[in-house]
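The file my_file39.cif comes next; it holds mmCIF, C-alpha atoms and all ligand atoms.
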data_input
#
loop_
_atom_site.group_PDB
_atom_site.id
_atom_site.type_symbol
_atom_site.label_atom_id
_atom_site.label_comp_id
_atom_site.auth_asym_id
_atom_site.auth_seq_id
_atom_site.Cartn_x
_atom_site.Cartn_y
_atom_site.Cartn_z
ATOM 1 C CA MET Y 1 -113.690 33.668 -68.662
ATOM 2 C CA ALA Y 2 -117.114 33.428 -70.271
ATOM 3 C CA SER Y 3 -116.323 33.287 -73.979
ATOM 4 C CA VAL Y 4 -113.133 33.388 -76.013
ATOM 5 C CA GLY Y 5 -112.398 34.082 -79.661
ATOM 6 C CA PHE Y 6 -109.514 32.629 -81.640
ATOM 7 C CA LEU Y 7 -108.295 34.231 -84.883
ATOM 8 C CA GLY Y 8 -105.799 32.347 -87.066
ATOM 9 C CA LEU Y 9 -105.909 28.574 -87.391
ATOM 10 C CA GLY Y 10 -102.512 27.810 -88.919
ATOM 11 C CA ILE Y 11 -100.224 25.102 -87.543
ATOM 12 C CA MET Y 12 -100.048 26.782 -84.135
ATOM 13 C CA GLY Y 13 -103.466 28.422 -83.837
ATOM 14 C CA LYS Y 14 -105.354 25.267 -84.758
ATOM 15 C CA ALA Y 15 -103.675 23.244 -81.991
ATOM 16 C CA MET Y 16 -104.036 26.014 -79.399
ATOM 17 C CA ALA Y 17 -107.705 26.666 -80.169
ATOM 18 C CA ALA Y 18 -108.415 22.929 -80.077
ATOM 19 C CA ASN Y 19 -106.930 22.703 -76.582
ATOM 20 C CA LEU Y 20 -109.168 25.547 -75.413
ATOM 21 C CA VAL Y 21 -112.261 23.811 -76.821
ATOM 22 C CA LYS Y 22 -111.239 20.491 -75.237
ATOM 23 C CA ALA Y 23 -110.694 22.238 -71.886
ATOM 24 C CA GLY Y 24 -114.311 23.425 -71.943
ATOM 25 C CA PHE Y 25 -113.943 27.062 -73.036
ATOM 26 C CA ASP Y 26 -116.736 28.535 -75.143
ATOM 27 C CA VAL Y 27 -114.660 29.245 -78.283
ATOM 28 C CA THR Y 28 -115.517 31.159 -81.469
ATOM 29 C CA VAL Y 29 -112.968 30.742 -84.283
ATOM 30 C CA TRP Y 30 -112.153 32.666 -87.444
ATOM 31 C CA ASN Y 31 -109.557 32.095 -90.151
ATOM 32 C CA ARG Y 32 -108.917 34.046 -93.365
ATOM 33 C CA ASN Y 33 -109.314 30.827 -95.323
ATOM 34 C CA SER Y 34 -112.589 29.749 -93.715
ATOM 35 C CA GLU Y 35 -112.178 26.059 -94.647
ATOM 36 C CA LYS Y 36 -109.705 25.718 -91.783
ATOM 37 C CA CYS Y 37 -112.536 26.386 -89.286
ATOM 38 C CA ALA Y 38 -114.307 23.091 -90.034
ATOM 39 C CA GLU Y 39 -112.088 20.936 -87.822
ATOM 40 C CA LEU Y 40 -112.586 23.252 -84.840
ATOM 41 C CA VAL Y 41 -116.335 23.480 -85.424
ATOM 42 C CA ALA Y 42 -116.443 19.680 -85.429
ATOM 43 C CA LEU Y 43 -114.775 19.763 -81.998
ATOM 44 C CA GLY Y 44 -117.466 22.120 -80.680
ATOM 45 C CA ALA Y 45 -116.327 25.658 -81.546
ATOM 46 C CA ARG Y 46 -118.579 28.298 -83.123
ATOM 47 C CA GLN Y 47 -117.492 30.024 -86.327
ATOM 48 C CA GLY Y 48 -117.284 33.840 -86.488
ATOM 49 C CA SER Y 49 -117.759 35.770 -89.715
ATOM 50 C CA THR Y 50 -115.066 38.462 -89.288
ATOM 51 C CA PRO Y 51 -112.409 39.450 -86.717
ATOM 52 C CA LYS Y 52 -114.727 42.349 -85.774
ATOM 53 C CA ASP Y 53 -117.618 39.967 -85.163
ATOM 54 C CA VAL Y 54 -115.471 37.675 -82.999
ATOM 55 C CA ALA Y 55 -114.005 40.525 -80.933
ATOM 56 C CA ALA Y 56 -117.488 42.004 -80.418
ATOM 57 C CA SER Y 57 -119.063 38.751 -79.303
ATOM 58 C CA CYS Y 58 -116.323 37.345 -77.050
ATOM 59 C CA ASP Y 59 -114.969 38.590 -73.722
ATOM 60 C CA ILE Y 60 -111.408 37.855 -74.772
ATOM 61 C CA THR Y 61 -110.073 37.229 -78.283
ATOM 62 C CA PHE Y 62 -106.761 35.510 -79.048
ATOM 63 C CA ALA Y 63 -104.900 35.795 -82.349
ATOM 64 C CA MET Y 64 -102.143 33.650 -83.850
ATOM 65 C CA VAL Y 65 -101.164 34.725 -87.369
ATOM 66 C CA SER Y 66 -97.998 34.680 -89.401
ATOM 67 C CA ASP Y 67 -96.185 38.020 -89.198
ATOM 68 C CA PRO Y 68 -96.442 41.790 -88.497
ATOM 69 C CA GLU Y 69 -98.425 42.456 -91.691
ATOM 70 C CA ALA Y 70 -100.996 39.756 -90.855
ATOM 71 C CA ALA Y 71 -101.257 40.846 -87.209
ATOM 72 C CA LEU Y 72 -101.975 44.440 -88.275
ATOM 73 C CA ALA Y 73 -104.421 43.337 -90.992
ATOM 74 C CA LEU Y 74 -106.491 41.499 -88.358
ATOM 75 C CA CYS Y 75 -106.917 44.654 -86.301
ATOM 76 C CA GLN Y 76 -107.442 47.363 -88.901
ATOM 77 C CA GLY Y 77 -110.301 48.246 -91.232
ATOM 78 C CA PRO Y 78 -114.090 47.973 -91.000
ATOM 79 C CA ASP Y 79 -113.955 44.220 -90.268
ATOM 80 C CA GLY Y 80 -110.963 44.382 -87.940
ATOM 81 C CA VAL Y 81 -110.696 43.594 -84.232
ATOM 82 C CA ALA Y 82 -110.465 47.281 -83.248
ATOM 83 C CA ALA Y 83 -113.837 47.953 -84.902
ATOM 84 C CA GLY Y 84 -115.525 45.337 -82.741
ATOM 85 C CA ILE Y 85 -113.742 45.192 -79.440
ATOM 86 C CA GLY Y 86 -115.512 47.880 -77.388
ATOM 87 C CA ALA Y 87 -114.989 48.845 -73.778
ATOM 88 C CA GLY Y 88 -113.408 46.384 -71.382
ATOM 89 C CA ARG Y 89 -113.014 43.471 -73.765
ATOM 90 C CA GLY Y 90 -109.604 41.880 -74.158
ATOM 91 C CA TYR Y 91 -107.342 41.148 -77.135
ATOM 92 C CA VAL Y 92 -104.320 38.857 -76.830
ATOM 93 C CA ASP Y 93 -102.045 38.684 -79.867
ATOM 94 C CA MET Y 94 -99.875 35.558 -79.708
ATOM 95 C CA SER Y 95 -98.268 36.005 -83.160
ATOM 96 C CA THR Y 96 -94.538 36.694 -83.356
ATOM 97 C CA VAL Y 97 -94.068 40.307 -84.421
ATOM 98 C CA ASN Y 98 -91.652 43.135 -83.566
ATOM 99 C CA ASP Y 99 -92.155 45.575 -80.684
ATOM 100 C CA THR Y 100 -93.200 48.429 -83.011
ATOM 101 C CA THR Y 101 -96.042 46.382 -84.493
ATOM 102 C CA SER Y 102 -97.165 45.265 -81.067
ATOM 103 C CA LYS Y 103 -97.237 48.868 -79.805
ATOM 104 C CA THR Y 104 -99.240 49.954 -82.875
ATOM 105 C CA ILE Y 105 -101.790 47.205 -82.204
ATOM 106 C CA ALA Y 106 -101.899 48.136 -78.500
ATOM 107 C CA GLY Y 107 -102.710 51.714 -79.558
ATOM 108 C CA LEU Y 108 -105.532 50.623 -81.881
ATOM 109 C CA ILE Y 109 -107.100 48.418 -79.215
ATOM 110 C CA SER Y 110 -106.830 50.927 -76.375
ATOM 111 C CA GLN Y 111 -108.239 53.738 -78.543
ATOM 112 C CA ALA Y 112 -111.259 51.482 -79.080
ATOM 113 C CA GLY Y 113 -111.611 51.014 -75.294
ATOM 114 C CA GLY Y 114 -110.219 47.473 -75.182
ATOM 115 C CA ARG Y 115 -107.401 45.922 -73.155
ATOM 116 C CA PHE Y 116 -104.323 44.483 -74.910
ATOM 117 C CA LEU Y 117 -101.749 41.849 -74.108
ATOM 118 C CA GLU Y 118 -99.031 40.553 -76.413
ATOM 119 C CA ALA Y 119 -98.187 36.922 -75.829
ATOM 120 C CA PRO Y 120 -95.894 35.355 -78.454
ATOM 121 C CA VAL Y 121 -94.932 31.773 -77.729
ATOM 122 C CA SER Y 122 -91.753 29.754 -77.654
ATOM 123 C CA GLY Y 123 -92.400 26.230 -78.949
ATOM 124 C CA THR Y 124 -93.615 24.726 -82.213
ATOM 125 C CA LYS Y 125 -96.328 22.300 -83.342
ATOM 126 C CA LYS Y 126 -95.823 19.533 -80.765
ATOM 127 C CA PRO Y 127 -95.748 21.809 -77.682
ATOM 128 C CA ALA Y 128 -98.797 23.617 -79.127
ATOM 129 C CA GLU Y 129 -100.613 20.272 -79.368
ATOM 130 C CA ASP Y 130 -99.424 19.150 -75.941
ATOM 131 C CA GLY Y 131 -100.304 22.472 -74.266
ATOM 132 C CA THR Y 132 -96.686 22.983 -73.190
ATOM 133 C CA LEU Y 133 -95.832 26.260 -74.907
ATOM 134 C CA ILE Y 134 -93.818 28.977 -73.168
ATOM 135 C CA ILE Y 135 -96.027 32.060 -73.350
ATOM 136 C CA LEU Y 136 -94.237 35.425 -73.223
ATOM 137 C CA ALA Y 137 -96.829 37.914 -72.009
ATOM 138 C CA ALA Y 138 -96.571 41.692 -71.736
ATOM 139 C CA GLY Y 139 -99.058 44.558 -71.560
ATOM 140 C CA ASP Y 140 -102.281 45.014 -69.586
ATOM 141 C CA GLN Y 141 -101.840 43.271 -66.250
ATOM 142 C CA SER Y 142 -105.561 42.909 -65.468
ATOM 143 C CA LEU Y 143 -106.008 41.119 -68.777
ATOM 144 C CA TYR Y 144 -103.003 38.933 -67.975
ATOM 145 C CA ASN Y 145 -104.718 37.869 -64.747
ATOM 146 C CA ASP Y 146 -107.980 37.214 -66.593
ATOM 147 C CA VAL Y 147 -106.392 35.017 -69.278
ATOM 148 C CA LYS Y 148 -104.221 32.954 -66.917
ATOM 149 C CA PRO Y 149 -106.647 29.974 -67.015
ATOM 150 C CA ALA Y 150 -106.427 29.899 -70.825
ATOM 151 C CA PHE Y 151 -102.630 30.264 -70.741
ATOM 152 C CA GLU Y 152 -102.523 27.314 -68.360
ATOM 153 C CA VAL Y 153 -104.327 25.221 -70.979
ATOM 154 C CA MET Y 154 -102.072 26.317 -73.850
ATOM 155 C CA GLY Y 155 -98.722 26.485 -72.093
ATOM 156 C CA LYS Y 156 -96.500 25.197 -69.324
ATOM 157 C CA MET Y 157 -95.371 28.662 -68.235
ATOM 158 C CA SER Y 158 -96.468 32.205 -68.953
ATOM 159 C CA PRO Y 159 -94.192 34.783 -67.328
ATOM 160 C CA TYR Y 160 -95.343 38.426 -67.286
ATOM 161 C CA LEU Y 161 -92.600 40.545 -68.868
ATOM 162 C CA GLY Y 162 -93.782 44.129 -68.410
ATOM 163 C CA ASP Y 163 -94.791 46.747 -70.961
ATOM 164 C CA VAL Y 164 -95.995 45.944 -74.477
ATOM 165 C CA GLY Y 165 -92.936 45.259 -76.628
ATOM 166 C CA GLN Y 166 -91.055 43.192 -74.066
ATOM 167 C CA GLY Y 167 -92.879 39.977 -75.013
ATOM 168 C CA ALA Y 168 -91.990 40.563 -78.672
ATOM 169 C CA ASN Y 169 -88.399 41.368 -77.772
ATOM 170 C CA MET Y 170 -88.038 38.269 -75.577
ATOM 171 C CA LYS Y 171 -89.413 36.078 -78.358
ATOM 172 C CA LEU Y 172 -87.017 37.550 -80.942
ATOM 173 C CA VAL Y 173 -84.020 37.076 -78.640
ATOM 174 C CA VAL Y 174 -84.937 33.438 -78.009
ATOM 175 C CA ASN Y 175 -85.609 32.621 -81.661
ATOM 176 C CA MET Y 176 -82.510 34.458 -82.836
ATOM 177 C CA MET Y 177 -80.456 32.144 -80.618
ATOM 178 C CA MET Y 178 -82.375 29.162 -82.004
ATOM 179 C CA GLY Y 179 -81.770 30.162 -85.647
ATOM 180 C CA GLY Y 180 -78.068 30.705 -84.969
ATOM 181 C CA MET Y 181 -77.777 27.343 -83.219
ATOM 182 C CA LEU Y 182 -79.548 25.518 -86.037
ATOM 183 C CA SER Y 183 -77.312 27.111 -88.613
ATOM 184 C CA ILE Y 184 -74.002 26.136 -86.895
ATOM 185 C CA PHE Y 185 -75.436 22.699 -86.096
ATOM 186 C CA SER Y 186 -76.176 22.174 -89.809
ATOM 187 C CA GLU Y 187 -72.634 23.240 -90.683
ATOM 188 C CA GLY Y 188 -71.187 20.806 -88.131
ATOM 189 C CA MET Y 189 -73.334 17.928 -89.377
ATOM 190 C CA SER Y 190 -72.284 18.649 -92.966
ATOM 191 C CA LEU Y 191 -68.599 19.031 -92.159
ATOM 192 C CA GLY Y 192 -68.536 15.861 -90.075
ATOM 193 C CA GLN Y 193 -70.232 13.706 -92.691
ATOM 194 C CA LYS Y 194 -68.040 15.102 -95.486
ATOM 195 C CA ALA Y 195 -65.045 14.100 -93.339
ATOM 196 C CA GLY Y 196 -66.422 10.557 -93.273
ATOM 197 C CA LEU Y 197 -67.939 10.606 -89.786
ATOM 198 C CA ASP Y 198 -71.208 8.844 -89.076
ATOM 199 C CA GLY Y 199 -74.063 11.330 -88.634
ATOM 200 C CA ARG Y 200 -75.775 9.225 -85.966
ATOM 201 C CA GLN Y 201 -72.539 9.088 -83.969
ATOM 202 C CA ILE Y 202 -72.099 12.857 -84.209
ATOM 203 C CA LEU Y 203 -75.609 13.267 -82.752
ATOM 204 C CA ASP Y 204 -74.957 10.748 -79.965
ATOM 205 C CA ILE Y 205 -71.686 12.408 -78.997
ATOM 206 C CA VAL Y 206 -73.173 15.922 -78.992
ATOM 207 C CA ASP Y 207 -76.119 14.616 -76.985
ATOM 208 C CA ALA Y 208 -73.877 13.062 -74.326
ATOM 209 C CA GLY Y 209 -72.160 16.346 -73.505
ATOM 210 C CA ALA Y 210 -72.878 19.923 -72.458
ATOM 211 C CA MET Y 211 -74.492 20.789 -75.808
ATOM 212 C CA SER Y 212 -77.296 18.262 -75.444
ATOM 213 C CA ASN Y 213 -80.668 19.845 -76.187
ATOM 214 C CA PRO Y 214 -84.057 18.770 -77.562
ATOM 215 C CA MET Y 215 -83.669 20.852 -80.724
ATOM 216 C CA PHE Y 216 -80.422 19.180 -81.830
ATOM 217 C CA LYS Y 217 -81.992 15.802 -81.060
ATOM 218 C CA GLY Y 218 -85.228 16.480 -82.960
ATOM 219 C CA LYS Y 219 -83.796 18.393 -85.901
ATOM 220 C CA GLY Y 220 -80.749 16.090 -86.058
ATOM 221 C CA ALA Y 221 -82.957 13.099 -86.751
ATOM 222 C CA MET Y 222 -84.774 15.104 -89.428
ATOM 223 C CA LEU Y 223 -81.501 15.989 -91.190
ATOM 224 C CA LEU Y 224 -80.312 12.386 -91.201
ATOM 225 C CA ASN Y 225 -83.647 11.119 -92.542
ATOM 226 C CA GLU Y 226 -83.948 13.999 -95.026
ATOM 227 C CA ASN Y 227 -87.442 14.525 -93.610
ATOM 228 C CA TYR Y 228 -88.428 18.175 -93.435
ATOM 229 C CA THR Y 229 -92.099 17.791 -92.428
ATOM 230 C CA THR Y 230 -93.153 21.207 -91.192
ATOM 231 C CA SER Y 231 -93.424 21.829 -87.508
ATOM 232 C CA PHE Y 232 -92.042 25.401 -87.631
ATOM 233 C CA PRO Y 233 -92.183 26.895 -91.154
ATOM 234 C CA LEU Y 234 -88.758 28.062 -92.311
ATOM 235 C CA LYS Y 235 -90.230 31.344 -93.633
ATOM 236 C CA HIS Y 236 -91.296 32.247 -90.097
ATOM 237 C CA MET Y 237 -87.816 31.621 -88.689
ATOM 238 C CA GLN Y 238 -86.362 33.914 -91.372
ATOM 239 C CA LYS Y 239 -88.934 36.534 -90.368
ATOM 240 C CA ASP Y 240 -87.803 36.225 -86.737
ATOM 241 C CA MET Y 241 -84.111 36.487 -87.702
ATOM 242 C CA ARG Y 242 -84.881 39.525 -89.872
ATOM 243 C CA LEU Y 243 -86.799 41.226 -87.051
ATOM 244 C CA ALA Y 244 -84.052 40.415 -84.515
ATOM 245 C CA VAL Y 245 -81.343 41.825 -86.799
ATOM 246 C CA ALA Y 246 -83.480 44.967 -87.283
ATOM 247 C CA LEU Y 247 -83.809 45.295 -83.485
ATOM 248 C CA GLY Y 248 -80.007 45.041 -83.304
ATOM 249 C CA ASP Y 249 -79.742 47.917 -85.824
ATOM 250 C CA GLN Y 250 -82.170 49.995 -83.805
ATOM 251 C CA LEU Y 251 -80.277 49.406 -80.542
ATOM 252 C CA GLU Y 252 -76.798 49.591 -82.154
ATOM 253 C CA GLN Y 253 -76.085 46.045 -80.959
ATOM 254 C CA PRO Y 254 -73.740 44.167 -83.319
ATOM 255 C CA LEU Y 255 -75.168 40.754 -84.279
ATOM 256 C CA PRO Y 256 -72.643 39.283 -86.725
ATOM 257 C CA THR Y 257 -73.563 35.642 -86.094
ATOM 258 C CA ALA Y 258 -77.314 36.236 -86.325
ATOM 259 C CA ALA Y 259 -76.858 38.302 -89.491
ATOM 260 C CA ILE Y 260 -75.012 35.427 -91.187
ATOM 261 C CA ALA Y 261 -77.568 32.857 -90.016
ATOM 262 C CA ASN Y 262 -80.305 35.106 -91.417
ATOM 263 C CA GLU Y 263 -78.584 34.929 -94.815
ATOM 264 C CA ALA Y 264 -78.665 31.122 -94.690
ATOM 265 C CA PHE Y 265 -82.436 31.185 -94.059
ATOM 266 C CA LYS Y 266 -82.877 33.719 -96.882
ATOM 267 C CA GLN Y 267 -80.958 31.410 -99.216
ATOM 268 C CA ALA Y 268 -83.210 28.534 -98.154
ATOM 269 C CA ILE Y 269 -86.325 30.576 -99.014
ATOM 270 C CA LYS Y 270 -84.792 31.461 -102.400
ATOM 271 C CA ALA Y 271 -84.125 27.755 -102.989
ATOM 272 C CA GLY Y 272 -87.861 27.045 -102.490
ATOM 273 C CA PHE Y 273 -87.914 25.719 -98.904
ATOM 274 C CA ALA Y 274 -90.052 28.482 -97.294
ATOM 275 C CA GLU Y 275 -92.928 26.176 -96.343
ATOM 276 C CA GLU Y 276 -90.716 23.312 -95.130
ATOM 277 C CA ASP Y 277 -89.500 22.949 -91.565
ATOM 278 C CA ILE Y 278 -86.646 25.153 -90.283
ATOM 279 C CA ALA Y 279 -84.452 22.025 -90.456
ATOM 280 C CA ALA Y 280 -84.470 22.471 -94.262
ATOM 281 C CA VAL Y 281 -81.839 25.204 -93.868
ATOM 282 C CA TYR Y 282 -79.458 22.217 -93.837
ATOM 283 C CA LYS Y 283 -80.160 21.675 -97.533
ATOM 284 C CA VAL Y 284 -78.486 24.955 -98.510
ATOM 285 C CA ILE Y 285 -75.590 24.421 -96.106
ATOM 286 C CA LYS Y 286 -74.642 20.807 -96.845
HETATM 287 P P1 LIG U 301 -98.917 29.189 -90.357
HETATM 288 O O1 LIG U 301 -99.216 27.740 -90.224
HETATM 289 O O2 LIG U 301 -98.157 29.694 -91.553
HETATM 290 O O3 LIG U 301 -100.318 29.979 -90.235
HETATM 291 C C1 LIG U 301 -100.385 31.351 -90.469
HETATM 292 C C2 LIG U 301 -101.768 31.865 -90.098
HETATM 293 O O4 LIG U 301 -101.780 33.295 -90.348
HETATM 294 C C3 LIG U 301 -102.901 31.267 -90.933
HETATM 295 O O5 LIG U 301 -104.053 31.147 -90.128
HETATM 296 C C4 LIG U 301 -103.087 32.349 -92.004
HETATM 297 O O6 LIG U 301 -104.367 32.343 -92.596
HETATM 298 C C5 LIG U 301 -102.910 33.589 -91.181
HETATM 299 N N1 LIG U 301 -102.641 34.786 -91.991
HETATM 300 C C6 LIG U 301 -101.572 35.036 -92.761
HETATM 301 N N2 LIG U 301 -101.680 36.253 -93.353
HETATM 302 C C7 LIG U 301 -102.864 36.759 -92.942
HETATM 303 C C8 LIG U 301 -103.546 37.972 -93.182
HETATM 304 N N3 LIG U 301 -103.017 38.930 -93.978
HETATM 305 N N4 LIG U 301 -104.736 38.170 -92.591
HETATM 306 C C9 LIG U 301 -105.272 37.225 -91.768
HETATM 307 N N5 LIG U 301 -104.679 36.051 -91.494
HETATM 308 C C10 LIG U 301 -103.481 35.824 -92.072
HETATM 309 O O7 LIG U 301 -98.091 29.746 -89.105
HETATM 310 P P2 LIG U 301 -97.884 29.092 -87.654
HETATM 311 O O8 LIG U 301 -99.196 28.728 -87.098
HETATM 312 O O9 LIG U 301 -96.801 28.079 -87.698
HETATM 313 O O10 LIG U 301 -97.271 30.353 -86.864
HETATM 314 C C11 LIG U 301 -98.077 31.378 -86.331
HETATM 315 C C12 LIG U 301 -97.193 32.347 -85.557
HETATM 316 O O11 LIG U 301 -96.506 31.656 -84.488
HETATM 317 C C13 LIG U 301 -96.099 33.008 -86.364
HETATM 318 O O12 LIG U 301 -95.964 34.337 -85.943
HETATM 319 C C14 LIG U 301 -94.860 32.178 -86.039
HETATM 320 O O13 LIG U 301 -93.666 32.936 -86.211
HETATM 321 C C15 LIG U 301 -95.091 31.740 -84.628
HETATM 322 P P3 LIG U 301 -104.683 31.418 -93.905
HETATM 323 O O14 LIG U 301 -104.920 30.040 -93.367
HETATM 324 O O15 LIG U 301 -103.467 31.503 -94.789
HETATM 325 O O16 LIG U 301 -105.901 32.025 -94.495
#
Is it possible to give me this structure as structure tokens?
Amino acid sequence: MASVGFLGLGIMGKAMAANLVKAGFDVTVWNRNSEKCAELVALGARQGSTPKDVAASCDITFAMVSDPEAALALCQGPDGVAAGIGAGRGYVDMSTVNDTTSKTIAGLISQAGGRFLEAPVSGTKKPAEDGTLIILAAGDQSLYNDVKPAFEVMGKMSPYLGDVGQGANMKLVVNMMMGGMLSIFSEGMSLGQKAGLDGRQILDIVDAGAMSNPMFKGKGAMLLNENYTTSFPLKHMQKDMRLAVALGDQLEQPLPTAAIANEAFKQAIKAGFAEEDIAAVYKVIK
């Protein structure tokens, strides 16, 4: 892979792009707020002027932005990726969006002669920094083969899931389960402590049994310390829950538990916790 572009240097994109630079890839970065490029340039990346410019000058361009609207905005218009990509070049969108958005982007890229892969990731800030994300790829298989070396830098596994849309769907299923688990976990922690139980002991007991998992461990400590330092912004989890519930509507799949968890995340956004970590949902439950 001769040269790669990276669009979107938020919490996730910054860590992923930095790993590519450190692994020796020739990386050109772009971010809407251009100040965020400085840290990557200091590491050795070039800075592109627009998404079009990056897509036109790199063999393969990755993107990692917030939501469907942002992912579409990157591709469309005179400065968008589709305007620059040209024949044979690759575009890999790693943002979490819904299948419809991903298919629209795939259409824009293929009409411009490019190859498209969707590759949302499971994992938050720490796995992004450690290069241990789970990358959920779907779309053009030749591009998948070409980007494998970069996926190996950014993640610990990168299964190929089939046609465009299946990566988005897999990601929504996984995060919907995560949001539901976090919501019931917060209720349990609140109920237990209101009943006079020790929060630390609740965590230890849960951790010793079949429900032990890294999320309860990590988020549990955050709840007890009332520390909601952002690793996965709460607003993005609500977006994922919203998109999963919409997919349930589309497929006539009842999702009563996810729908209720989505309401808890909506309440948390209304209470002003959108930019805090997903663990902050506890504050509206307790
Ligand atoms: P962050 O830290 O909220 O970063 C979001 C990024 O998306 C950031 O680079 C934003 O640029 C960019 N963004 C947002 N809207 C736009 C538009 N309209 N155009 C271009 N760029 C935009 O999110 P994370 O890194 O935690 O998460 C990224 C994805 O992974 C997301 O889908 C999660 O659900 C999972 P800015 O710096 O604001 O100029």
Practice task
Determine, counting only C-alpha atoms, every residue of protein, DNA or RNA that lies within 12 Å of (-104.1, 24.3, -84.9) in the file coordinates, then give the result as number ranges by chain.
Solution key: Y: 6-21, 29-31, 36-40, 43, 63-65, 124-131, 154, 231
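Here CA of Glu35 in chain Y and atom O9 of ligand LIG 301 (chain U) stand 17.0 Å from one another.
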Handout entry: Result set of the PyMOL selection byres (((chain Y and resi 258) around 8) and not hetatm) on the coordinates above, as a PyMOL selection string
Key = chain Y and resi 176-177+179-180+241+245+255-257+259-262
Practice task
Go through the shown structure with the PyMOL selection byres (((chain Y and resi 212-226) around 8) and not hetatm) and write out the matching residues as a VMD selection string.
Solution key: chain Y and resid 182 185 199 to 200 203 206 to 211 227 to 228 279 to 280 282
Handout entry: Option closest in space to ligand LIG 301 (chain U), from Y:Val284, Y:Val173, Y:Ile134, Y:Met237 [counting only C-alpha atoms and all ligand atoms]
Key =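 Of Y:Val284, Y:Val173, Y:Ile134, Y:Met237, the one nearest ligand LIG 301 (chain U), counting only C-alpha atoms and all ligand atoms, is Y:Met237.
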Exercise for the section: Give as a ChimeraX atom specification each residue that has an atom at most 10 Å from (-112.2, 37.1, -88.3) in the file, counting all atoms listed in the file. Expected result: /Y:5-8,28-34,47-55,63,74-75,79-81
Exercise for the section: Expand the PyMOL selection byres (((chain Y and resi 106) around 12) and not hetatm) into the individual residues it matches in the shown file, reporting them as a ChimeraX atom specification. Expected result: /Y:71-72,75-76,81-82,90-93,99-105,107-118,138-140,163-165
Exercise for the section: Return the single residue from Y:Phe62, Y:Tyr160, Y:Phe265, Y:Phe25 that is closest to Ala137 in chain Y, with distances computed using all atoms listed in the file. Expected result: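 So, comparing all the options, the nearest one is Y:Tyr160.
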Exercise for the section: Point out the residue among Y:Val4, Y:Leu234, Y:Met157, Y:Ile205 with the least atom-to-atom distance to ligand LIG 301 (chain U), counting only C-alpha atoms and all ligand atoms. Expected result: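 The answer is Y:Leu234, which sits nearest to ligand LIG 301 (chain U).
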Handout entry: Nearest residue to Thr230 in chain Y from the set Y:Lys194, Y:Asp277, Y:Thr61, Y:Leu247 (distances using all atoms listed in the file)
Key = Y:Asp277
Exercise for the section: Have a look at Y:Ser3, Y:Gln238, Y:Ser158, Y:Gln193 and name the one nearest to ligand LIG 301 (chain U); count all atoms listed in the file. Expected result: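 Nearest to ligand LIG 301 (chain U): Y:Gln238.
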